[in-house]
Each structure stands twice: as structure tokens, then as C-alpha cells.
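Below: model.cif (mmCIF, N, CA, C and O atoms)
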```cif
data_entry
loop_
_atom_site.label_atom_id
_atom_site.label_comp_id
_atom_site.auth_asym_id
_atom_site.auth_seq_id
_atom_site.Cartn_x
_atom_site.Cartn_y
_atom_site.Cartn_z
N TYR A 1 -2.30 -10.70 10.73
CA TYR A 1 -1.96 -11.55 9.61
C TYR A 1 -3.14 -11.70 8.66
O TYR A 1 -2.97 -11.66 7.45
N THR A 2 -4.32 -11.87 9.20
CA THR A 2 -5.52 -12.04 8.37
C THR A 2 -5.73 -10.84 7.47
O THR A 2 -6.07 -11.00 6.29
N ASN A 3 -5.56 -9.63 8.02
CA ASN A 3 -5.74 -8.43 7.20
C ASN A 3 -4.72 -8.35 6.08
O ASN A 3 -5.04 -7.91 4.97
N ILE A 4 -3.48 -8.78 6.33
CA ILE A 4 -2.45 -8.77 5.27
C ILE A 4 -2.86 -9.72 4.15
O ILE A 4 -2.77 -9.39 2.97
N VAL A 5 -3.32 -10.92 4.50
CA VAL A 5 -3.75 -11.90 3.49
C VAL A 5 -4.95 -11.35 2.72
O VAL A 5 -5.00 -11.44 1.49
N ASN A 6 -5.91 -10.76 3.43
CA ASN A 6 -7.07 -10.19 2.74
C ASN A 6 -6.68 -9.01 1.86
O ASN A 6 -7.26 -8.82 0.79
N LEU A 7 -5.70 -8.21 2.29
CA LEU A 7 -5.20 -7.12 1.46
C LEU A 7 -4.60 -7.68 0.18
O LEU A 7 -4.89 -7.20 -0.92
N LYS A 8 -3.78 -8.72 0.32
CA LYS A 8 -3.15 -9.35 -0.85
C LYS A 8 -4.20 -9.89 -1.82
O LYS A 8 -4.07 -9.76 -3.02
N ASN A 9 -5.26 -10.49 -1.28
CA ASN A 9 -6.28 -11.12 -2.12
C ASN A 9 -7.38 -10.16 -2.57
O ASN A 9 -8.29 -10.55 -3.29
N GLY A 10 -7.31 -8.90 -2.11
CA GLY A 10 -8.33 -7.92 -2.47
C GLY A 10 -9.67 -8.19 -1.81
O GLY A 10 -10.71 -7.86 -2.37
N LYS A 11 -9.66 -8.77 -0.61
CA LYS A 11 -10.90 -9.14 0.05
C LYS A 11 -11.15 -8.37 1.34
O LYS A 11 -11.92 -8.83 2.19
N LEU A 12 -10.51 -7.22 1.51
CA LEU A 12 -10.78 -6.42 2.70
C LEU A 12 -12.21 -5.90 2.65
O LEU A 12 -12.70 -5.51 1.59
N LYS A 13 -12.86 -5.87 3.79
CA LYS A 13 -14.25 -5.41 3.84
C LYS A 13 -14.34 -3.89 3.79
O LYS A 13 -15.37 -3.34 3.43
N ARG A 14 -13.27 -3.21 4.18
CA ARG A 14 -13.23 -1.74 4.11
C ARG A 14 -11.80 -1.32 3.80
O ARG A 14 -10.88 -2.12 3.92
N GLU A 15 -11.64 -0.09 3.40
CA GLU A 15 -10.30 0.40 3.09
C GLU A 15 -9.47 0.45 4.36
O GLU A 15 -9.97 0.81 5.43
N GLU A 16 -8.22 0.10 4.26
CA GLU A 16 -7.30 0.07 5.40
C GLU A 16 -6.02 0.84 5.03
O GLU A 16 -4.96 0.24 4.88
N PRO A 17 -6.11 2.16 4.91
CA PRO A 17 -4.93 2.91 4.48
C PRO A 17 -3.76 2.82 5.45
O PRO A 17 -2.60 2.80 5.03
N ARG A 18 -4.03 2.73 6.75
CA ARG A 18 -2.93 2.61 7.72
C ARG A 18 -2.18 1.29 7.53
O ARG A 18 -0.97 1.22 7.65
N LEU A 19 -2.92 0.23 7.24
CA LEU A 19 -2.30 -1.07 7.00
C LEU A 19 -1.42 -1.00 5.76
O LEU A 19 -0.28 -1.49 5.77
N VAL A 20 -1.91 -0.41 4.70
CA VAL A 20 -1.13 -0.26 3.47
C VAL A 20 0.14 0.54 3.75
O VAL A 20 1.23 0.17 3.32
N GLN A 21 0.01 1.63 4.51
CA GLN A 21 1.17 2.45 4.82
C GLN A 21 2.18 1.66 5.65
O GLN A 21 3.39 1.75 5.42
N ARG A 22 1.71 0.86 6.59
CA ARG A 22 2.63 0.05 7.40
C ARG A 22 3.36 -0.98 6.54
O ARG A 22 4.55 -1.24 6.73
N VAL A 23 2.67 -1.57 5.57
CA VAL A 23 3.32 -2.52 4.67
C VAL A 23 4.38 -1.81 3.84
O VAL A 23 5.51 -2.31 3.68
N LEU A 24 4.06 -0.63 3.31
CA LEU A 24 5.04 0.13 2.53
C LEU A 24 6.27 0.47 3.36
O LEU A 24 7.41 0.31 2.90
N VAL A 25 6.06 0.92 4.59
CA VAL A 25 7.19 1.26 5.47
C VAL A 25 8.02 0.03 5.76
O VAL A 25 9.25 0.09 5.79
N SER A 26 7.38 -1.13 5.96
CA SER A 26 8.14 -2.36 6.23
C SER A 26 8.98 -2.77 5.02
O SER A 26 9.98 -3.46 5.18
N LEU A 27 8.57 -2.35 3.83
CA LEU A 27 9.36 -2.60 2.62
C LEU A 27 10.42 -1.53 2.39
O LEU A 27 11.13 -1.56 1.39
N GLY A 28 10.51 -0.57 3.32
CA GLY A 28 11.51 0.50 3.20
C GLY A 28 11.08 1.61 2.27
O GLY A 28 11.92 2.33 1.73
N ILE A 29 9.78 1.76 2.06
CA ILE A 29 9.26 2.77 1.14
C ILE A 29 8.46 3.79 1.95
O ILE A 29 7.34 3.51 2.37
N PRO A 30 9.05 4.97 2.17
CA PRO A 30 8.32 5.99 2.93
C PRO A 30 7.20 6.57 2.07
O PRO A 30 7.42 7.00 0.95
N ALA A 31 6.00 6.56 2.60
CA ALA A 31 4.85 7.07 1.85
C ALA A 31 3.98 7.90 2.77
O ALA A 31 3.77 7.54 3.92
N GLN A 32 3.48 8.98 2.26
CA GLN A 32 2.56 9.84 3.01
C GLN A 32 1.15 9.58 2.50
O GLN A 32 0.93 9.42 1.30
N GLN A 33 0.20 9.58 3.42
CA GLN A 33 -1.21 9.45 3.02
C GLN A 33 -1.74 10.81 2.61
O GLN A 33 -1.38 11.82 3.20
N LEU A 34 -2.57 10.82 1.60
CA LEU A 34 -3.17 12.05 1.12
C LEU A 34 -4.63 11.79 0.78
O LEU A 34 -4.95 10.80 0.13
N ARG A 35 -5.48 12.66 1.25
CA ARG A 35 -6.90 12.62 0.90
C ARG A 35 -7.25 13.91 0.20
O ARG A 35 -7.15 14.98 0.78
N PHE A 36 -7.64 13.80 -1.06
CA PHE A 36 -8.00 14.99 -1.81
C PHE A 36 -9.19 14.68 -2.68
O PHE A 36 -9.13 13.73 -3.45
N PRO A 37 -10.24 15.42 -2.58
CA PRO A 37 -10.48 16.48 -1.59
C PRO A 37 -10.64 15.88 -0.19
O PRO A 37 -10.78 14.66 -0.04
N LEU A 38 -10.61 16.72 0.81
CA LEU A 38 -10.65 16.26 2.20
C LEU A 38 -11.87 15.41 2.52
O LEU A 38 -11.83 14.56 3.40
N THR A 39 -12.95 15.64 1.81
CA THR A 39 -14.18 14.87 2.05
C THR A 39 -14.18 13.52 1.34
O THR A 39 -15.08 12.71 1.54
N SER A 40 -13.16 13.28 0.53
CA SER A 40 -13.07 12.02 -0.22
C SER A 40 -12.83 10.85 0.71
O SER A 40 -12.17 10.97 1.74
N LYS A 41 -13.33 9.68 0.34
CA LYS A 41 -13.09 8.46 1.11
C LYS A 41 -11.88 7.71 0.58
O LYS A 41 -11.42 6.75 1.19
N THR A 42 -11.35 8.14 -0.56
CA THR A 42 -10.21 7.49 -1.17
C THR A 42 -8.91 8.06 -0.62
O THR A 42 -8.74 9.27 -0.54
N THR A 43 -8.01 7.17 -0.25
CA THR A 43 -6.70 7.58 0.25
C THR A 43 -5.66 7.32 -0.84
O THR A 43 -5.61 6.24 -1.42
N TRP A 44 -4.85 8.32 -1.10
CA TRP A 44 -3.75 8.21 -2.05
C TRP A 44 -2.45 8.14 -1.26
O TRP A 44 -2.37 8.65 -0.15
N PHE A 45 -1.44 7.54 -1.82
CA PHE A 45 -0.14 7.47 -1.18
C PHE A 45 0.87 8.20 -2.06
O PHE A 45 0.97 7.93 -3.25
N VAL A 46 1.60 9.11 -1.44
CA VAL A 46 2.57 9.93 -2.17
C VAL A 46 3.97 9.48 -1.77
O VAL A 46 4.31 9.44 -0.58
N LEU A 47 4.77 9.13 -2.76
CA LEU A 47 6.15 8.75 -2.52
C LEU A 47 7.03 9.99 -2.63
O LEU A 47 6.74 10.88 -3.43
N PRO A 48 8.11 10.07 -1.85
CA PRO A 48 8.89 11.30 -1.78
C PRO A 48 9.69 11.63 -3.03
O PRO A 48 9.97 12.80 -3.30
N ASP A 49 10.10 10.62 -3.81
CA ASP A 49 10.94 10.90 -4.96
C ASP A 49 10.92 9.73 -5.95
O ASP A 49 10.32 8.68 -5.69
N ALA A 50 11.61 9.92 -7.06
CA ALA A 50 11.66 8.89 -8.10
C ALA A 50 12.38 7.63 -7.62
O ALA A 50 12.04 6.52 -8.04
N GLU A 51 13.34 7.79 -6.72
CA GLU A 51 14.07 6.63 -6.19
C GLU A 51 13.14 5.72 -5.39
O GLU A 51 13.19 4.51 -5.52
N ALA A 52 12.26 6.32 -4.58
CA ALA A 52 11.30 5.53 -3.82
C ALA A 52 10.32 4.83 -4.76
O ALA A 52 9.96 3.67 -4.54
N LEU A 53 9.91 5.51 -5.82
CA LEU A 53 9.01 4.89 -6.80
C LEU A 53 9.70 3.72 -7.49
O LEU A 53 9.11 2.65 -7.65
N ALA A 54 10.96 3.89 -7.87
CA ALA A 54 11.70 2.81 -8.53
C ALA A 54 11.87 1.62 -7.59
O ALA A 54 11.72 0.46 -8.01
N SER A 55 12.13 1.88 -6.31
CA SER A 55 12.26 0.81 -5.32
C SER A 55 10.93 0.06 -5.18
O SER A 55 10.90 -1.18 -5.14
N PHE A 56 9.83 0.81 -5.10
CA PHE A 56 8.52 0.19 -5.00
C PHE A 56 8.22 -0.68 -6.22
O PHE A 56 7.78 -1.82 -6.10
N GLN A 57 8.49 -0.16 -7.40
CA GLN A 57 8.23 -0.92 -8.62
C GLN A 57 9.08 -2.17 -8.69
O GLN A 57 8.59 -3.23 -9.11
N ALA A 58 10.34 -2.09 -8.27
CA ALA A 58 11.23 -3.25 -8.30
C ALA A 58 10.73 -4.33 -7.33
O ALA A 58 10.71 -5.52 -7.66
N GLN A 59 10.34 -3.91 -6.13
CA GLN A 59 9.85 -4.88 -5.15
C GLN A 59 8.53 -5.49 -5.59
O GLN A 59 8.30 -6.70 -5.43
N LEU A 60 7.65 -4.68 -6.17
CA LEU A 60 6.38 -5.18 -6.66
C LEU A 60 6.60 -6.21 -7.77
O LEU A 60 5.99 -7.28 -7.78
N HIS A 61 7.50 -5.89 -8.69
CA HIS A 61 7.81 -6.81 -9.78
C HIS A 61 8.37 -8.13 -9.23
O HIS A 61 7.97 -9.22 -9.67
N PHE A 62 9.26 -8.03 -8.25
CA PHE A 62 9.83 -9.23 -7.63
C PHE A 62 8.74 -10.08 -6.96
O PHE A 62 8.67 -11.29 -7.15
N LEU A 63 7.90 -9.42 -6.16
CA LEU A 63 6.85 -10.15 -5.42
C LEU A 63 5.82 -10.78 -6.35
O LEU A 63 5.30 -11.86 -6.07
N GLN A 64 5.52 -10.11 -7.46
CA GLN A 64 4.56 -10.68 -8.40
C GLN A 64 5.13 -11.89 -9.13
O GLN A 64 4.39 -12.74 -9.60
N GLY A 65 6.45 -11.97 -9.21
CA GLY A 65 7.10 -13.08 -9.89
C GLY A 65 7.27 -14.32 -9.05
O GLY A 65 7.62 -15.38 -9.56
N LEU A 66 7.04 -14.21 -7.74
CA LEU A 66 7.20 -15.37 -6.85
C LEU A 66 6.10 -16.39 -7.09
O LEU A 66 4.95 -16.06 -7.26
N LYS A 67 6.47 -17.64 -7.09
CA LYS A 67 5.50 -18.72 -7.22
C LYS A 67 5.23 -19.26 -5.83
O LYS A 67 6.14 -19.62 -5.10
N VAL A 68 3.95 -19.30 -5.44
CA VAL A 68 3.59 -19.78 -4.11
C VAL A 68 2.96 -21.13 -4.20
O VAL A 68 2.27 -21.49 -5.07
#
```

What would the structure in this file look like if it were written as C-alpha cells?
Amino acid sequence: YTNIVNLKNGKLKREEPRLVQRVLVSLGIPAQQLRFPLTSKTTWFVLPDAEALASFQAQLHFLQGLKV
């Protein structure tokens, strides 16, 4: 739970690509991790199609609109 909160707040001490991928999968968005070039420390996430991208954008828009 702490890592999810820190991910949301941008306060993770290191990159957690597996955590991000697990969150995406829990939202029903299949994403593959990609590192390019292989020596890079940055992880990219590739969505399979435009439908998955639209779903991600819709959920992101919804979540950003919530008042906590």
C-alpha cells in the first residue's frame, strides 16, 4: 500500500516498473515493459492497441477528476 501511495504522489525512491505494470493490469490495461536501449534504466510501457490506449486515457481522466 505504501508503494502505491508513493507512486501516486511521485515520491518513490527508485523506479518500480513492476509495480506500475501491476497497477495497469489491475485496471484491465495489458501493458508490456520495454527497455530501449537495453542498457537504459528507463522502462517504457507499450499498450497493445488504440483501444487499450483509449481505456487508459478514460480511466486516467476519471481518476484525475476525483476529489479526495

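Of note, atom O of Trp44 (chain A) and atom N of Val20 (chain A) are spaced 10.3 Å apart.
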
Enumerate the residues of chain A with a DSSP assignment of helix (DSSP H, G or I), computed from the backbone, and present them as an NGL selection string. :A and (2-9 or 17-26 or 50-65)

Atomic separation - atom O of Gly65 (chain A) relative to atom C of Glu16 (chain A), Å: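 Interatomic distance, atom C of Glu16 (chain A) to atom O of Gly65 (chain A): 25.7 Å.
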
Distance in Å - CA of Gln21 (chain A) versus CA of Asn3 (chain A): 13.1 Å

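Each of A:Leu53, A:Val25, A:Leu19, A:Leu47 was compared to Asn6 (chain A) using only C-alpha atoms, and A:Leu19 turns out to be the nearest.
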
Using all atoms listed in the file, can you tell me which of A:Leu24, A:Leu66, A:Ala31, A:Leu7 comes closest to Pro48 (chain A)?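 So, comparing all the options, the nearest one is A:Ala31.
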
Taking the backbone alone, and naming residues the way the document does, which bits of region 3-51 of chain A are strand (DSSP E) by DSSP, as an MDAnalysis selection string? chainID A and resid 32:34 44:46

So, with all atoms listed in the file as the atoms that count, which of A:Ser26, A:Gly10, A:Pro17, A:Tyr1 lies closest to Lys41 (chain A)?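 Result for the nearest residue to Lys41 (chain A): A:Pro17.
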